[in-house]
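*Asks:* There's a structure below that I have some questions on.
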Amino acid sequence: MPSPYEILSRKRGGERLGRDEIAAVTRGAVDGSWTDAQLGAFLMAAVLRGLDAEETQALTAEMLDSGDVWDLASEVPRLGDKHSTGGVGDKVSLVLGPLLAACDVPVAMLTGRGLGHTGGTADKLDSIPGLDQALDRSRALRLLEEVGLAVGVATEGIAPADRRLYALRDSTATVDSLPLIVASILSKKLATGAEAIVFDVKTGDGAFLPEIDAAAELARLLVDTTRASGRRSSALLTDMSQPLGRWVGNAVELREAVEALEGRGPGDLMEVTFRLCEEVASLLGAEVGRSHLERAIDSGRARESFARWAEAQGADPSWLASPKFDRAPAEVVLEAPRAGRLERVRNRRLGLLMIEAGAGRKRPEDTIDAGVGLRCRVRLGQRVEAGEEIARLYLRQPSAELARGFLECFEISEGEDAGEPPELILRRIG
Ligand code: URA
């Protein structure tokens with residue numbers, strides 16, 4: 001077996017690494033035989049020299065095999081999964097899971113906490129009293145058999161190689177590398193073992209990769225690498241130039257998701273959710289089209305599916321019968337400084353301000369204020385009059401500084417006419 005020095009000098013020189021060399025890196029990450037300096041050097045060489053498709057597949061497979069692999073699809077046929085690259089107001093998973101389960105398409109999703117300026121599904125689900133999000137393989141299987149849905153945070157050692165490499169990427173300026181991102185995401189996604197995985201790759205100011213071409217490249221690499229692992233896969237590039245839905249926060253987004261399951265969801269959230277549901281179903285060969293999804297909502301089955309799932313995961317039945325959602329008491333109305341058209345939302349900045357307001361974490365040990373939220377009333381392209389409400393903040397304490405910051409996120413141009421709303425689904429990559 002080549003030494004770390006030999007592997008590093010080959011990659012530094014731009015050579016292709018073989019599967020056994022990549023296996024040596026991930027093994028070294030897990031058993032501690034590679035130092036932080038050597039792993040950091042590998043990451044930097046990978047960023048500067050690139051990893052080709054085969055190396056990316058090898059890194060994905062070795063990071064996956066570094067930990068527990070559940071392979072749920074071997075016991076639950078036609079199991080689906082959806083992954084989002086993260087966005088502001090992105091509550092799609094909370095609607096999609098119960099909705100597909102109500103249409104007899106089983107779904108297992110491992111969720112995460114908020115990352116950077118984007119919120120995390122696990123943080124939103126914390127607002128359901130009693131809900132136990134800890135999932136291991138046997139609990140996930142039991143939930144899939146009972147209610148067709150398992151959503152939570154893995155308790156077992158999934159992809160430990162990624163855990164060590166990911167922590168080093170943050171401190172070695174090696175986060176922004178498509179092959180490293182893909183191997184990192186997929187080493188965890190593939191561990192549950194869904195038969196079909198659909199990626200919601202966000203594009204626009206509030207996305208992880210704002211530029212559409214970079215987002216498309218990420219989507220292509222995610223889909224190709226997933227397929228090379230023997231699963232079905234496709235991706236939709238969806239708009240993140242403004243928050244998805246009307247609400248941003250934690251408890252407030254959960255409430256919006258529950259309302260969506262009751263047939264009261266905003267159009268953009270429903271369109272993106274329906275398209276992703278159709279995509280998962282079609283990859284699995286399930287006959288679930290738009291009319292089935294709409295019927296599941298109109299008939300109340302989707303809402304029931306949410307309650308059955310949450311109760312099976314320990315949610316308090318009396319809360320489920322009449323849910324209450326925390327909303328911070330200090331309301332601050334953000335008013336349009338002049339008449340015009342909402343031309344741009346600084347969506348990334350808005351996500352970062354939500355963290356400042358308490359809805360996200362600056363450090364991993366921080367606690368989140370679930371009731372802090374923002375309601376967007378005006379959407380891109382819409383006309384407003386001077387003094388009209390654009391959005392409303394819900395804070396624990398009023399803050400003029402935060403109000404000013406949030407207001408600056410909404411840019412009003414002087415146009416007389418309303419503009420076109422942004423396209424929601426920009427591309428399908430299949
Ligand atoms: N999410 C991950 O899990 N890994 C990355 O590298 C980026 C986003």
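Chain labels run A, B, ... following the order of the structure tokens; each chain numbers its residues from 1, and ligands are numbered from 1 in the order shown.
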Set out as JSON lines a contact list for chain A and ligand 1 with a cut-off of 8 Å, giving each residue of chain A that qualifies its closest atom pair and distance in Å to one decimal, counting only C-alpha atoms and all ligand atoms, ordered by chain and rising residue number.

*Replies:*
```
{"residue": "A:Thr85", "atom": "CA", "partner": "ligand 1", "partner_atom_place_in_ligand_line": "8 (C)", "distance": 6.7}
{"residue": "A:Tyr166", "atom": "CA", "partner": "ligand 1", "partner_atom_place_in_ligand_line": "6 (O)", "distance": 6.7}
{"residue": "A:Val175", "atom": "CA", "partner": "ligand 1", "partner_atom_place_in_ligand_line": "6 (O)", "distance": 6.1}
{"residue": "A:Asp176", "atom": "CA", "partner": "ligand 1", "partner_atom_place_in_ligand_line": "6 (O)", "distance": 7.7}
{"residue": "A:Ser177", "atom": "CA", "partner": "ligand 1", "partner_atom_place_in_ligand_line": "6 (O)", "distance": 7.9}
{"residue": "A:Leu180", "atom": "CA", "partner": "ligand 1", "partner_atom_place_in_ligand_line": "6 (O)", "distance": 6.1}
{"residue": "A:Ile181", "atom": "CA", "partner": "ligand 1", "partner_atom_place_in_ligand_line": "6 (O)", "distance": 3.5}
{"residue": "A:Val182", "atom": "CA", "partner": "ligand 1", "partner_atom_place_in_ligand_line": "6 (O)", "distance": 6.7}
{"residue": "A:Ala183", "atom": "CA", "partner": "ligand 1", "partner_atom_place_in_ligand_line": "6 (O)", "distance": 7.5}
{"residue": "A:Ser184", "atom": "CA", "partner": "ligand 1", "partner_atom_place_in_ligand_line": "4 (N)", "distance": 4.5}
{"residue": "A:Ile185", "atom": "CA", "partner": "ligand 1", "partner_atom_place_in_ligand_line": "3 (O)", "distance": 4.2}
{"residue": "A:Leu186", "atom": "CA", "partner": "ligand 1", "partner_atom_place_in_ligand_line": "3 (O)", "distance": 7.8}
{"residue": "A:Lys188", "atom": "CA", "partner": "ligand 1", "partner_atom_place_in_ligand_line": "3 (O)", "distance": 7.4}
```

*Asks:* Could you give me, as a tab-separated table, a per-residue list for range 353-391 of chain A showing, wherever an atom lies at most 9 Å from an atom of range 112-133 of chain A, the closest pair of atoms and their distance in Å to one decimal, using only C-alpha atoms and sorting by chain then residue number from low to high?

*Replies:*
```
residue	atom	partner	partner_atom	distance
A:Leu353	CA	A:His117	CA	8.3
A:Met354	CA	A:His117	CA	7.9
A:Ile355	CA	A:His117	CA	7.2
A:Ala359	CA	A:Gly119	CA	8.4
A:Gly360	CA	A:Gly114	CA	6.6
A:Arg361	CA	A:Gly114	CA	7.4
A:Lys362	CA	A:Gly116	CA	8.4
A:Ile368	CA	A:Asp123	CA	8.0
A:Ala370	CA	A:Ser127	CA	6.9
```

*Asks:* Now that the selection is made, can you save its residues with C-alpha atoms as a compact mmCIF listing (two decimals), in the first residue's frame?

*Replies:*
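File out_19.txt, as written:
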```txt
# COMPACT_ATOMS: atom_id res chain seq x y z
CA LEU A 353 -30.08 37.88 9.48
CA MET A 354 -32.47 35.13 10.59
CA ILE A 355 -29.50 33.62 12.44
CA ALA A 359 -33.66 31.46 14.34
CA GLY A 360 -30.32 29.76 13.59
CA ARG A 361 -26.97 29.01 15.19
CA LYS A 362 -23.70 30.93 15.01
CA ILE A 368 -32.48 28.25 18.50
CA ALA A 370 -38.18 28.44 17.37
```

*Asks:* So how far away is CA of Asp298 in chain A from CA of Arg379 in chain A, in Å?

*Replies:* 26.1 Å

*Asks:* Just list the residues in range 45-265 of chain A DSSP gives alpha helix (DSSP H) on the backbone, as an MDAnalysis selection string.

*Replies:* chainID A and resid 45:49 53:65 92:102 121:125 137:147 160:171 178:192 212:228 251:261

*Asks:* Would you pick out the contacts of Glu385 in chain A at 9 Å or less, using only C-alpha atoms, so that residues sharing its chain but fewer than 3 positions from it are not included, and give the list as a list in words?

*Replies:*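 Contacts, in chain order: Ala336, Pro337, Arg338, Ala339, Gly340, Arg341, Glu388 and Glu389 of chain A.
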
*Asks:* Quote the spacing between CA of Ala400 in chain A and CA of Gly351 in chain A in Å to one decimal place.

*Replies:* 17.7 Å

*Asks:* Nearest to Arg344 in chain A among A:Ser413, A:Thr35, A:Ser138, A:Thr60, with distances taken over only C-alpha atoms: which residue is it?

*Replies:*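 Checking each of A:Ser413, A:Thr35, A:Ser138, A:Thr60 against Arg344 in chain A, counting only C-alpha atoms, the winner is A:Ser413.
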
*Asks:* So that I can check the secondary structure, give me every residue of range 325-391 of chain A assigned strand (DSSP E or B) by backbone DSSP, as a ChimeraX atom specification.

*Replies:* /A:330-335,340-345,373-376,383-384,389-391

*Asks:* Find the residues near Lys324 in chain A: any atom within 9 Å, counting only C-alpha atoms, skip ones fewer than 3 places away on the same chain, and give them as a list in words.

*Replies:*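 Near Lys324 in chain A, the qualifying residues are Arg255, Trp319 and Leu320 of chain A.
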
*Asks:* Kindly export the residues of the current selection with N, CA and C atoms, as a compact mmCIF listing (two decimals), in the first residue's frame.

*Replies:*
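Okay, result_19.txt is ready:
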```txt
# COMPACT_ATOMS: atom_id res chain seq x y z
N ARG A 255 -45.58 25.27 10.79
CA ARG A 255 -47.01 25.58 10.67
C ARG A 255 -47.40 25.73 9.20
N TRP A 319 -51.23 17.37 21.32
CA TRP A 319 -50.72 18.48 20.49
C TRP A 319 -51.14 18.26 19.04
N LEU A 320 -51.05 17.00 18.60
CA LEU A 320 -51.38 16.72 17.19
C LEU A 320 -52.85 17.00 16.90
```

*Asks:* With only C-alpha atoms as the counted atoms, please give the residues lying no more than 10 Å from Val92 in chain A, apart from itself and same-chain residues fewer than 2 positions off, as JSON, numbers by chain.

*Replies:* {"A": [82, 83, 84, 89, 90, 94, 95, 96, 97, 121, 200, 244, 245, 253, 257, 260, 269, 270, 272, 273, 274, 276, 277]}

*Asks:* Find the residues around Asp31 in chain A up to 12 Å (only C-alpha atoms counted), leave out those fewer than 3 positions away in its own chain, and share them as an mmCIF file with N, CA and C atoms, in the first residue's frame.

*Replies:*
```cif
data_model
loop_
_atom_site.group_PDB
_atom_site.id
_atom_site.type_symbol
_atom_site.label_atom_id
_atom_site.label_comp_id
_atom_site.auth_asym_id
_atom_site.auth_seq_id
_atom_site.Cartn_x
_atom_site.Cartn_y
_atom_site.Cartn_z
ATOM 1 N N ALA A 23 -9.167 4.605 -0.867
ATOM 2 C CA ALA A 23 -9.553 3.817 0.322
ATOM 3 C C ALA A 23 -8.554 4.061 1.456
ATOM 4 N N ALA A 24 -7.284 4.253 1.099
ATOM 5 C CA ALA A 24 -6.268 4.498 2.141
ATOM 6 C C ALA A 24 -6.537 5.831 2.842
ATOM 7 N N VAL A 25 -7.008 6.820 2.056
ATOM 8 C CA VAL A 25 -7.306 8.137 2.653
ATOM 9 C C VAL A 25 -8.465 8.012 3.654
ATOM 10 N N THR A 26 -9.562 7.372 3.225
ATOM 11 C CA THR A 26 -10.744 7.325 4.105
ATOM 12 C C THR A 26 -10.479 6.424 5.319
ATOM 13 N N ARG A 27 -9.713 5.341 5.090
ATOM 14 C CA ARG A 27 -9.359 4.484 6.232
ATOM 15 C C ARG A 27 -8.513 5.287 7.224
ATOM 16 N N GLY A 28 -7.572 6.042 6.661
ATOM 17 C CA GLY A 28 -6.697 6.863 7.513
ATOM 18 C C GLY A 28 -7.486 7.932 8.271
ATOM 19 N N TRP A 34 -3.921 8.800 9.410
ATOM 20 C CA TRP A 34 -3.568 10.015 8.660
ATOM 21 C C TRP A 34 -3.765 11.200 9.609
ATOM 22 N N THR A 35 -2.787 12.094 9.638
ATOM 23 C CA THR A 35 -2.892 13.275 10.507
ATOM 24 C C THR A 35 -3.817 14.306 9.856
ATOM 25 N N SER A 66 -17.262 3.512 5.049
ATOM 26 C CA SER A 66 -16.499 3.747 6.282
ATOM 27 C C SER A 66 -17.400 3.609 7.516
ATOM 28 N N GLY A 67 -18.723 3.536 7.304
ATOM 29 C CA GLY A 67 -19.630 3.465 8.461
ATOM 30 C C GLY A 67 -20.787 2.507 8.222
ATOM 31 N N PRO A 160 -18.392 7.928 8.992
ATOM 32 C CA PRO A 160 -17.465 8.640 9.898
ATOM 33 C C PRO A 160 -16.312 9.316 9.148
ATOM 34 N N ALA A 161 -15.933 8.781 7.984
ATOM 35 C CA ALA A 161 -14.844 9.426 7.222
ATOM 36 C C ALA A 161 -15.279 10.825 6.810
ATOM 37 N N ARG A 164 -14.974 13.439 9.709
ATOM 38 C CA ARG A 164 -13.630 14.006 9.960
ATOM 39 C C ARG A 164 -13.221 14.933 8.804
#
```

*Asks:* Considering only C-alpha atoms, state which residue in the set A:Gly50, A:Pro422, A:Gly285, A:Pro243 is at the smallest distance from Arg375 in chain A.

*Replies:* A:Pro243

*Asks:* Residues at most 10 Å from Thr226 in chain A, counting only C-alpha atoms, excluding those fewer than 2 positions away in the same chain, as a compact mmCIF listing (two decimals) with N, CA and C atoms, in the first residue's frame?

*Replies:*
```txt
# COMPACT_ATOMS: atom_id res chain seq x y z
N GLN A 57 -16.61 8.83 -7.62
CA GLN A 57 -17.37 7.62 -7.27
C GLN A 57 -16.64 6.81 -6.22
N THR A 60 -16.87 8.55 -2.86
CA THR A 60 -18.23 8.37 -2.33
C THR A 60 -18.37 6.97 -1.73
N VAL A 182 -20.18 16.44 -3.43
CA VAL A 182 -21.00 15.29 -3.88
C VAL A 182 -20.68 14.05 -3.05
N ALA A 183 -19.39 13.77 -2.86
CA ALA A 183 -19.02 12.58 -2.08
C ALA A 183 -19.53 12.71 -0.64
N LEU A 186 -23.48 12.35 -0.70
CA LEU A 186 -23.94 11.00 -1.07
C LEU A 186 -23.49 9.92 -0.10
N SER A 187 -22.34 10.12 0.56
CA SER A 187 -21.90 9.08 1.50
C SER A 187 -22.96 8.91 2.60
N LYS A 189 -26.38 10.05 2.15
CA LYS A 189 -27.66 9.75 1.48
C LYS A 189 -27.77 8.28 1.10
N LEU A 190 -26.69 7.75 0.55
CA LEU A 190 -26.74 6.37 0.05
C LEU A 190 -26.81 5.36 1.19
N ALA A 196 -34.69 5.22 -5.06
CA ALA A 196 -34.66 6.41 -5.91
C ALA A 196 -34.39 7.65 -5.06
N ILE A 197 -33.47 8.48 -5.52
CA ILE A 197 -33.16 9.73 -4.81
C ILE A 197 -33.31 10.90 -5.78
N VAL A 198 -34.16 11.86 -5.38
CA VAL A 198 -34.34 13.06 -6.20
C VAL A 198 -33.67 14.23 -5.49
N ARG A 220 -25.79 17.52 -11.99
CA ARG A 220 -25.34 16.46 -12.90
C ARG A 220 -24.45 15.46 -12.17
N LEU A 221 -23.52 16.00 -11.37
CA LEU A 221 -22.58 15.13 -10.66
C LEU A 221 -23.30 14.30 -9.58
N LEU A 222 -24.28 14.92 -8.91
CA LEU A 222 -25.06 14.17 -7.90
C LEU A 222 -25.82 13.02 -8.55
N VAL A 223 -26.47 13.34 -9.68
CA VAL A 223 -27.30 12.33 -10.35
C VAL A 223 -26.40 11.21 -10.91
N ASP A 224 -25.32 11.58 -11.58
CA ASP A 224 -24.45 10.56 -12.20
C ASP A 224 -23.81 9.66 -11.14
N ALA A 228 -24.30 5.72 -10.59
CA ALA A 228 -23.15 4.80 -10.61
C ALA A 228 -23.17 3.89 -9.39
N SER A 229 -23.91 4.31 -8.35
CA SER A 229 -24.03 3.46 -7.15
C SER A 229 -25.23 2.53 -7.26
N GLY A 230 -25.85 2.49 -8.42
CA GLY A 230 -26.93 1.53 -8.64
C GLY A 230 -28.32 2.01 -8.24
N ARG A 231 -28.49 3.32 -7.98
CA ARG A 231 -29.82 3.83 -7.63
C ARG A 231 -30.37 4.65 -8.79
N ARG A 232 -31.69 4.85 -8.74
CA ARG A 232 -32.29 5.76 -9.73
C ARG A 232 -32.22 7.18 -9.20
N SER A 233 -32.07 8.13 -10.11
CA SER A 233 -31.89 9.49 -9.63
C SER A 233 -32.20 10.54 -10.69
N SER A 234 -32.68 11.68 -10.25
CA SER A 234 -32.81 12.85 -11.12
C SER A 234 -32.74 14.08 -10.22
```

*Asks:* Taking into account only C-alpha atoms, which residue in the set A:Ala391, A:Ala150, A:Cys103, A:Leu293 is nearest to Leu135 in chain A?

*Replies:*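 Nearest to Leu135 in chain A: A:Ala150.
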
*Asks:* A:Pro4, A:Gly300, A:Gly157, A:Gly40: which is nearest Pro98 in chain A, counting only C-alpha atoms?

*Replies:* A:Gly300

*Asks:* Mind giving me the straight-line distance from CA of Ala330 in chain A to CA of Leu395 in chain A in Å, one decimal?

*Replies:*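 Computing the Euclidean distance for CA of Ala330 in chain A and CA of Leu395 in chain A yields 4.9 Å.
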